[in-house]
Amino acid sequence: MAQLLNASFIPTTSSHTLRRTPNFPPGICISGRRSRTQVQAKIREIFMPALSSTMTEGKIVSWVKSEGDQLSKGESVVVVESDKADMDVETFYDGYLAAIMVEEGGVAAVGSAIALLAETESEIDEARAKANSSSQSLSSSSSSTPPPAPQPQTGKIAENVGPAPVSPPVKTVAAASSAHPASEGGKRIVASPYAKKLAKELKVDLGRVVGSGPLGRIVAKDVEAAASSAAEAAATAATAGAATSAAVPGIELGTVVPFTTMQSAVSRNMVESLSVPTFRVGYTITTDALDALYKKVKSKGVTMTALLAKATALALVKHPVVNSSCRDGQSFVYNSSINIAVAVAIDGGLITPVLQDADKVDIYSLSRKWKELVDKARAKQLQPHEYNTGTFTLSNLGMFGVDRFDAILPPGTGAIMAVGASQPTAVGTKDGRIGMKNQMQVNVTADHRVIYGADLASFLKTLASIIEDPKDLTF
Amino acid sequence: MQSSLSLSVSSNSSSAIHRSSNAFQSVPLAHSSHINLRFCGLRREALGFYSLRHSDSSRVRLLSTRSRSKKLVLASFSDNGSPKSFDYDLLIIGAGVGGHGAALHAVEKGLKTAIVEGDVVGGTCVNRGCVPSKALLAVSGRMRELQNDHHLKALGLQVAAAGYDRQGVADHANNLASKIRSNLTNSMKALGVDILTGFGMILGPQKVKVGSSDKVITAKDIIIATGSVPFVPKGIEVDGKTVITSDHALKLETVPDWIAIVGSGYIGLEFSDVYTALGSEVTFIEALDQLMPGFDPEIGKLAQRVLINPRKIDYHTGVFATKITPAKDGKPVTIELIDAKTKEPKDTLEVDAALIATGRAPFTQGLGLENINVATQRGFVPVDEQMRVIDSNGKLVPHLYCIGDANGKMMLAHAASAQGISVVEQVSGRDHVLNHLSIPAACFTHPEISMVGLTEPQAREKAEKEGFEVSIAKTSFKANTKALAENEGEGLAKLIYRPDNGEILGVHIFGLHAADLIHEASNAIALGTRIQDIKFAVHAHPTLSEVLDELFKSAKVKAHTSSPLNEPVAV
């Protein structure tokens, strides 16, 4: 391995490996690094190095070391494939390889963290926890691996929208097999090579898959079927959870359950909303360009939620009336800032963390802010100003495959937008052809005392034009 | 005889006693320089070697060849019936690629040549090996391209679902084999090589019996070129339908859903390429700890990443298949695996078919070797570096040579041919030793793998022993314009060399058309060309050959001026 680096053809840039070069592209890694070093300097990130001047992202060929291994300065840790060649990357510090954040075969942008290095053994767990918490945003960087589940479009919109239980399609397959003939009563699992590969990728437990191949062998389509049924099960469970906000296993049927504090608050608000005369306007937006943009920037930690919030905020800039609110029925306020609240289903309730000044903050910071808010929401540590200062609300059920729905306007705001799933749709075009486009339906509920049909219509038109030509989102 | 004479006369100004012409110092030189124009590479090495060596050995040679020539002149004058004379100058047992190469060269050298074939002309390579497998691989390569939506899309192509007709594919392989076989047969007939049908059996020195007839044929020199057959370890029952060897697989009578391939060398790897392209899933069973043993480790690793991991292939390494039972009565093929080290039972596989690709065993039985006191070693005929057969007392058997798979030195068709040519050079009076390190090898997967010379571990071991330094240079196909135009940037070329004198020790290529690219390196090794010289050779742009151009240019050789005396490479 080490002789790799002795090879005379290696470009001079190889010495950049793992050094924290300051010229990394703006992205989550920079501020992440800053904040982390403040908290503890002993856990270091291993970055995707720039192995050539033209390299923008690198693929992890193989990890030479595995988690928990002790490393000494100068040792090879990982083999990275750049646009030119494969190279060994060595560490510049002693320590322990605490957590691998980008698996073999995964792709990471130059400068993004691919692993954590703990200085002492005792810090390994801490580093792992850190890796887990940030893996949500980083998981997107392993984009080169095949799509995880057979519902890519909804998945894209849904990803990272919040802590809603978008549990990976894991072992929840209902169909357990008591006897597939090939397995000698369950002692062995007989699965074809591709079925095994797929099962690993789709995280399907082969022990629970019924084989339909020759002599009960598990073949690829069995695994695919198991994975999609698992995904469906997960999705329905999650939807139910979001709607009834209390789908906990172990419900006692027929019992009377008093509201929790949060449920009481939701109930109060919902009843109050009945005093507001609302109306709804829907719009279908083509998302091909947005999806493409998302694909490009997600390795930098940008989430779809942030992109949607940003697009909405930019549209609101042009339509201040949609961002207004009427509280007393006599007057209304053009809100001075555009604060996008995003509905998040959390255990037993619903909360709306707010992305403040979403029109002004750049997309990368917005994405980071969003992650921070979601983490706080999960830990129930949101401060009031972080969930009740919204001027416009976004609600996205697209992740569950919902194609359209209707949201209730939260009192005190002017409008709420319900976002459905982006789905491939056959579309007739003006030149008389039919083509496939990814489209999503949005549906805005607004307070008709201040916002009129034409206002929403023109707002939606602006929004559609922004989403269909999203280059301004990442300025 | 007649035709061979007229042929050599046309190429040479010597007279009717042409066959003995090498008695004269001037003639062979003219001869060899003439050859030199027609063949490059290996042949020139022979010349260089010869012309350098002849000064010190010429006296001996003159004496010896002169005395031999006298006999030959006699022989040629009294062609019929003299007890001292032979039916042929050279008799080759086995008409595979090795025998064919030797026969053609023998005719060129003016030898009266016969070739004995007990089966079909062309041997393993043409009928059950390299040739039909290339036909299948051509199909699998195209299938792969057509199935790779991502790749096609990147090129802007749209193709509806690709399919294939199994019989059509099988016919293509079969037709190719017959075509090459008839080409081979015709080329020998046209040159006047006698093709004798029947198994050849050595009765004694310079005596061979062909077929069941009692006819005994005498020849001055005999080459054994009987080749090999698929090696099937014991415990494995081959039924030709569900448990098969490459012989059956090439007929492509079925495309099983799931096939286990025992052995992950060239043969197994190529078949995995074919089967997965045609829709099968493959399980490799490899006795060693890693797949593709024998390849340079770095190339093997890359190949595994490209040829194994993304495909519908899984593998068991470090295991022996102790028992393989063909499918019967509705039961699948069962394969019992034991740990290669502990010998403990490890697993049982149930698959639709199993291909045994554990290598090849020499085909030397019934050859009558006991009649000349030669004992085979694991079936291989023992030979020295000049392919001369060694008997059980360790002595050379005069006038008997063995080439190709039967001697096991390097089991490759073109190696056999090169050995055959080397032997013909010797029997026509030229000292010649083949440099096996200059023989390239290729594996025709998609993309291809090729190599020549030493692997990196071998080179480092040699360097350790002999006390020189080894350097490595590498270039990637990703930086090659033509590869990128084809959207096939996956690939690596690796050069192992001596930085002190620029000698090329080995070159390994994995990538598009690697099998065609290797020859620049193998020729350089054969001719003893050093890196500091070859790096000035010009390559057309944009071509894949620039991968090697860049490879040579990226090598750092300390000796920048080549020595005035371009010494031949040690052989």
# chains A, B, ... in the order shown; residues from 1 in each chain; ligands from 1

call {"tool": "interface_residues", "arguments": {"of": "chain B", "to": "chain A", "cutoff": "7 Å", "atoms": "only C-alpha atoms", "output": "list in words"}}
result
Trp258, Glu281, Val282, Thr283, Lys312, Ile313, Asp314, Ser471, Ile472, Ala473, Lys474, Ser476, Lys478, Ala479, Ser554, Ala555 and Lys556 of chain B

call {"tool": "write_last_selection", "arguments": {"atoms": "C-alpha atoms", "output": "CSV table (one decimal), in the first residue's frame"}}
result
chain,number,residue,atom,x,y,z
B,258,TRP,CA,-27.3,-19.5,-11.3
B,281,GLU,CA,-25.9,-15.0,-11.6
B,282,VAL,CA,-22.5,-16.3,-10.7
B,283,THR,CA,-20.9,-17.7,-7.6
B,312,LYS,CA,-24.5,-10.3,-10.1
B,313,ILE,CA,-21.6,-12.2,-8.7
B,314,ASP,CA,-20.7,-13.4,-5.2
B,471,SER,CA,10.0,1.6,-9.3
B,472,ILE,CA,6.4,1.7,-10.3
B,473,ALA,CA,4.7,4.1,-12.7
B,474,LYS,CA,1.0,4.2,-13.3
B,476,SER,CA,-5.1,5.9,-15.6
B,478,LYS,CA,-9.3,8.4,-17.1
B,479,ALA,CA,-6.7,10.8,-18.4
B,554,SER,CA,6.1,9.1,-16.4
B,555,ALA,CA,8.8,6.7,-15.4
B,556,LYS,CA,11.8,8.2,-13.8

call {"tool": "residues_around", "arguments": {"residues": "stretch 505-513 of chain B", "least_positions_apart": "4", "cutoff": "8 Å", "atoms": "only C-alpha atoms", "output": "PyMOL selection string"}}
result
chain B and resi 296+299+302-303+446-456+459+477+483+488-498+517-518+521+525+544

call {"tool": "write_last_selection", "arguments": {"atoms": "N, CA and C atoms", "output": "tab-separated table (two decimals), in the first residue's frame"}}
result
chain	number	residue	atom	x	y	z
B	296	ASP	N	-1.37	-9.28	-10.96
B	296	ASP	CA	-0.74	-8.31	-10.09
B	296	ASP	C	-1.80	-7.88	-9.07
B	299	ILE	N	-3.86	-4.80	-9.82
B	299	ILE	CA	-4.76	-4.99	-10.96
B	299	ILE	C	-5.93	-5.88	-10.53
B	302	LEU	N	-8.43	-3.87	-8.59
B	302	LEU	CA	-9.23	-3.01	-9.47
B	302	LEU	C	-10.21	-3.86	-10.29
B	303	ALA	N	-9.71	-4.99	-10.77
B	303	ALA	CA	-10.57	-5.85	-11.57
B	303	ALA	C	-11.74	-6.34	-10.74
B	446	HIS	N	-14.59	-7.58	-19.94
B	446	HIS	CA	-14.92	-6.22	-20.35
B	446	HIS	C	-14.88	-5.31	-19.15
B	447	PRO	N	-13.90	-4.47	-19.00
B	447	PRO	CA	-12.76	-4.32	-19.89
B	447	PRO	C	-11.73	-5.43	-19.72
B	448	GLU	N	-10.74	-5.41	-20.62
B	448	GLU	CA	-9.77	-6.50	-20.65
B	448	GLU	C	-8.64	-6.30	-19.64
B	449	ILE	N	-7.97	-7.41	-19.35
B	449	ILE	CA	-6.79	-7.37	-18.49
B	449	ILE	C	-5.63	-7.95	-19.30
B	450	SER	N	-4.47	-7.32	-19.23
B	450	SER	CA	-3.32	-7.91	-19.91
B	450	SER	C	-2.07	-7.67	-19.10
B	451	MET	N	-1.08	-8.48	-19.36
B	451	MET	CA	0.14	-8.35	-18.58
B	451	MET	C	1.30	-8.96	-19.33
B	452	VAL	N	2.50	-8.51	-18.98
B	452	VAL	CA	3.71	-9.14	-19.49
B	452	VAL	C	4.77	-8.98	-18.41
B	453	GLY	N	5.64	-9.98	-18.31
B	453	GLY	CA	6.74	-9.89	-17.34
B	453	GLY	C	6.29	-10.18	-15.93
B	454	LEU	N	6.97	-9.52	-14.98
B	454	LEU	CA	6.77	-9.83	-13.57
B	454	LEU	C	5.63	-9.01	-12.97
B	455	THR	N	5.01	-9.57	-11.93
B	455	THR	CA	4.09	-8.77	-11.13
B	455	THR	C	4.93	-7.98	-10.13
B	456	GLU	N	4.27	-7.04	-9.46
B	456	GLU	CA	5.03	-6.22	-8.52
B	456	GLU	C	5.68	-7.05	-7.41
B	459	ALA	N	8.63	-8.84	-8.84
B	459	ALA	CA	9.73	-7.93	-9.15
B	459	ALA	C	10.46	-7.52	-7.88
B	477	PHE	N	-6.66	5.34	-17.31
B	477	PHE	CA	-7.40	5.55	-18.55
B	477	PHE	C	-8.26	6.80	-18.46
B	483	ALA	N	-10.19	7.01	-24.50
B	483	ALA	CA	-10.99	6.25	-23.53
B	483	ALA	C	-12.18	7.08	-23.07
B	488	GLU	N	-15.22	5.16	-21.45
B	488	GLU	CA	-14.70	3.96	-20.79
B	488	GLU	C	-13.43	4.33	-20.04
B	489	GLY	N	-13.56	5.25	-19.12
B	489	GLY	CA	-12.38	5.76	-18.44
B	489	GLY	C	-11.86	4.87	-17.33
B	490	GLU	N	-12.59	3.79	-17.06
B	490	GLU	CA	-12.16	2.92	-15.97
B	490	GLU	C	-10.96	2.12	-16.43
B	491	GLY	N	-9.83	2.27	-15.78
B	491	GLY	CA	-8.68	1.48	-16.19
B	491	GLY	C	-7.38	2.03	-15.67
B	492	LEU	N	-6.39	1.14	-15.69
B	492	LEU	CA	-5.11	1.47	-15.09
B	492	LEU	C	-4.02	0.76	-15.87
B	493	ALA	N	-2.92	1.45	-16.13
B	493	ALA	CA	-1.75	0.78	-16.67
B	493	ALA	C	-0.63	0.96	-15.67
B	494	LYS	N	0.11	-0.11	-15.46
B	494	LYS	CA	1.12	-0.09	-14.41
B	494	LYS	C	2.42	-0.61	-14.98
B	495	LEU	N	3.47	0.12	-14.73
B	495	LEU	CA	4.79	-0.23	-15.24
B	495	LEU	C	5.71	-0.51	-14.06
B	496	ILE	N	6.36	-1.66	-14.11
B	496	ILE	CA	7.32	-2.01	-13.07
B	496	ILE	C	8.69	-2.00	-13.74
B	497	TYR	N	9.62	-1.21	-13.23
B	497	TYR	CA	10.88	-1.04	-13.96
B	497	TYR	C	12.02	-0.80	-13.01
B	498	ARG	N	13.21	-0.85	-13.59
B	498	ARG	CA	14.40	-0.55	-12.84
B	498	ARG	C	14.77	0.90	-13.11
B	517	LEU	N	-3.18	-3.49	-26.26
B	517	LEU	CA	-2.20	-2.47	-25.89
B	517	LEU	C	-0.91	-3.06	-25.36
B	518	ILE	N	-0.96	-4.30	-24.86
B	518	ILE	CA	0.18	-4.83	-24.13
B	518	ILE	C	1.40	-5.04	-25.03
B	521	ALA	N	4.59	-3.07	-24.91
B	521	ALA	CA	5.45	-3.40	-23.78
B	521	ALA	C	6.14	-4.74	-23.97
B	525	ILE	N	10.16	-5.52	-24.15
B	525	ILE	CA	10.89	-6.47	-23.30
B	525	ILE	C	11.64	-7.47	-24.18
B	544	LEU	N	-5.74	4.96	-27.69
B	544	LEU	CA	-5.55	4.32	-26.39
B	544	LEU	C	-4.08	4.05	-26.13

call {"tool": "select_by_dssp", "arguments": {"residues": "stretch 208-331 of chain A", "states": "strand (DSSP E or B)", "output": "number ranges by chain"}}
result
A: 218, 278-286, 324-325

call {"tool": "write_last_selection", "arguments": {"atoms": "all heavy atoms", "output": "CSV table (one decimal), in the first residue's frame"}}
result
chain,number,residue,atom,x,y,z
A,218,ILE,N,-34.3,-17.9,-2.9
A,218,ILE,CA,-34.7,-16.5,-3.0
A,218,ILE,C,-34.0,-15.8,-4.2
A,218,ILE,O,-32.8,-15.9,-4.3
A,218,ILE,CB,-34.3,-15.8,-1.7
A,218,ILE,CG1,-35.0,-16.4,-0.5
A,218,ILE,CG2,-34.5,-14.3,-1.7
A,218,ILE,CD1,-34.4,-16.0,0.9
A,278,THR,N,-61.0,31.0,5.1
A,278,THR,CA,-59.9,30.6,4.2
A,278,THR,C,-60.4,30.1,2.9
A,278,THR,O,-61.5,29.7,2.7
A,278,THR,CB,-59.0,29.5,4.9
A,278,THR,OG1,-59.9,28.4,5.2
A,278,THR,CG2,-58.3,30.0,6.1
A,279,PHE,N,-59.5,30.1,1.9
A,279,PHE,CA,-59.8,29.5,0.6
A,279,PHE,C,-58.5,28.9,0.1
A,279,PHE,O,-57.4,29.1,0.7
A,279,PHE,CB,-60.3,30.6,-0.3
A,279,PHE,CG,-59.2,31.5,-0.8
A,279,PHE,CD1,-58.8,31.5,-2.2
A,279,PHE,CD2,-58.5,32.4,0.0
A,279,PHE,CE1,-57.8,32.3,-2.6
A,279,PHE,CE2,-57.5,33.2,-0.5
A,279,PHE,CZ,-57.2,33.2,-1.8
A,280,ARG,N,-58.6,28.1,-1.0
A,280,ARG,CA,-57.4,27.4,-1.4
A,280,ARG,C,-57.2,27.5,-2.9
A,280,ARG,O,-58.1,27.6,-3.7
A,280,ARG,CB,-57.6,25.9,-1.1
A,280,ARG,CG,-57.6,25.6,0.3
A,280,ARG,CD,-58.5,24.4,0.7
A,280,ARG,NE,-58.6,24.4,2.2
A,280,ARG,CZ,-59.6,24.9,2.9
A,280,ARG,NH1,-60.5,25.6,2.3
A,280,ARG,NH2,-59.5,24.9,4.2
A,281,VAL,N,-55.9,27.6,-3.3
A,281,VAL,CA,-55.5,27.6,-4.7
A,281,VAL,C,-54.4,26.6,-4.9
A,281,VAL,O,-53.5,26.6,-4.1
A,281,VAL,CB,-55.0,29.0,-5.0
A,281,VAL,CG1,-54.6,29.1,-6.5
A,281,VAL,CG2,-56.2,30.1,-4.9
A,282,GLY,N,-54.6,25.8,-5.9
A,282,GLY,CA,-53.6,24.8,-6.2
A,282,GLY,C,-52.8,25.1,-7.5
A,282,GLY,O,-53.2,25.9,-8.3
A,283,TYR,N,-51.7,24.5,-7.6
A,283,TYR,CA,-50.8,24.7,-8.7
A,283,TYR,C,-49.9,23.5,-8.9
A,283,TYR,O,-49.5,22.8,-8.0
A,283,TYR,CB,-49.9,25.9,-8.4
A,283,TYR,CG,-49.4,26.7,-9.7
A,283,TYR,CD1,-50.1,27.9,-10.0
A,283,TYR,CD2,-48.4,26.2,-10.5
A,283,TYR,CE1,-49.7,28.6,-11.1
A,283,TYR,CE2,-48.0,26.9,-11.6
A,283,TYR,CZ,-48.6,28.1,-11.9
A,283,TYR,OH,-48.2,28.8,-13.0
A,284,THR,N,-49.7,23.1,-10.2
A,284,THR,CA,-48.8,22.0,-10.5
A,284,THR,C,-47.4,22.6,-11.0
A,284,THR,O,-47.4,23.4,-11.9
A,284,THR,CB,-49.4,21.1,-11.5
A,284,THR,OG1,-50.6,20.6,-11.0
A,284,THR,CG2,-48.5,19.9,-11.8
A,285,ILE,N,-46.4,22.2,-10.3
A,285,ILE,CA,-45.0,22.7,-10.7
A,285,ILE,C,-44.1,21.6,-11.1
A,285,ILE,O,-44.1,20.5,-10.5
A,285,ILE,CB,-44.4,23.4,-9.4
A,285,ILE,CG1,-45.3,24.5,-8.9
A,285,ILE,CG2,-43.0,23.9,-9.8
A,285,ILE,CD1,-44.9,25.2,-7.7
A,286,THR,N,-43.4,21.8,-12.2
A,286,THR,CA,-42.5,20.8,-12.7
A,286,THR,C,-41.2,21.0,-12.0
A,286,THR,O,-40.6,22.1,-11.8
A,286,THR,CB,-42.2,21.1,-14.2
A,286,THR,OG1,-43.5,21.0,-14.9
A,286,THR,CG2,-41.3,20.1,-14.8
A,324,SER,N,-48.3,38.6,4.7
A,324,SER,CA,-48.9,39.5,5.7
A,324,SER,C,-49.7,38.6,6.6
A,324,SER,O,-50.0,37.5,6.4
A,324,SER,CB,-49.7,40.5,5.0
A,324,SER,OG,-50.9,39.9,4.4
A,325,SER,N,-50.2,39.3,7.7
A,325,SER,CA,-51.1,38.6,8.6
A,325,SER,C,-52.1,39.6,9.2
A,325,SER,O,-51.8,40.7,9.4
A,325,SER,CB,-50.3,37.9,9.7
A,325,SER,OG,-49.4,38.8,10.3

call {"tool": "atom_distance", "arguments": {"atom1": "atom CA of A:Ile60", "atom2": "atom CA of A:Glu81"}}
result
6.3 Å

call {"tool": "residues_around", "arguments": {"residues": "A:Leu274", "least_positions_apart": "4", "cutoff": "12 Å", "atoms": "only C-alpha atoms", "output": "PyMOL selection string"}}
result
chain A and resi 267-270+278-279+408-411+447

call {"tool": "residues_around", "arguments": {"residues": "A:Gly329", "least_positions_apart": "3", "cutoff": "8 Å", "atoms": "only C-alpha atoms", "output": "mmCIF file with N, CA and C atoms, in the first residue's frame"}}
result
data_model
loop_
_atom_site.group_PDB
_atom_site.id
_atom_site.type_symbol
_atom_site.label_atom_id
_atom_site.label_comp_id
_atom_site.auth_asym_id
_atom_site.auth_seq_id
_atom_site.Cartn_x
_atom_site.Cartn_y
_atom_site.Cartn_z
ATOM 1 N N CYS A 326 -53.249 39.008 9.448
ATOM 2 C CA CYS A 326 -54.342 39.803 9.994
ATOM 3 C C CYS A 326 -54.705 39.203 11.344
ATOM 4 N N PHE A 332 -54.205 44.789 8.903
ATOM 5 C CA PHE A 332 -53.245 43.695 8.715
ATOM 6 C C PHE A 332 -51.827 44.256 8.630
ATOM 7 N N ARG A 449 -59.386 37.369 4.157
ATOM 8 C CA ARG A 449 -59.635 38.740 4.582
ATOM 9 C C ARG A 449 -58.580 39.669 4.000
#

call {"tool": "select_by_dssp", "arguments": {"residues": "stretch 269-389 of chain B", "states": "helix (DSSP H, G or I)", "output": "PyMOL selection string"}}
result
chain B and resi 269-277+297-308+369-372

call {"tool": "closest_residue", "arguments": {"among": "B:Gln167, B:Asn174, B:Thr245, B:Thr218", "to": "B:Tyr88", "atoms": "only C-alpha atoms"}}
result
B:Thr218

call {"tool": "residues_around", "arguments": {"residues": "B:Leu184", "least_positions_apart": "2", "cutoff": "12 Å", "atoms": "only C-alpha atoms", "output": "NGL selection string"}}
result
:B and (95-101 or 103-104 or 120-123 or 125-127 or 177-182 or 186-191 or 193 or 195)

call {"tool": "atom_distance", "arguments": {"atom1": "atom CA of A:Ile100", "atom2": "atom CA of A:Tyr364"}}
result
23.3 Å

call {"tool": "closest_residue", "arguments": {"among": "B:Thr358, B:Thr197, B:Thr325, B:Gln304", "to": "B:Gly263", "atoms": "only C-alpha atoms"}}
result
B:Thr358

call {"tool": "closest_residue", "arguments": {"among": "B:Glu344, B:Glu350, B:Ala416, B:Gln458", "to": "B:Pro297", "atoms": "only C-alpha atoms"}}
result
B:Gln458
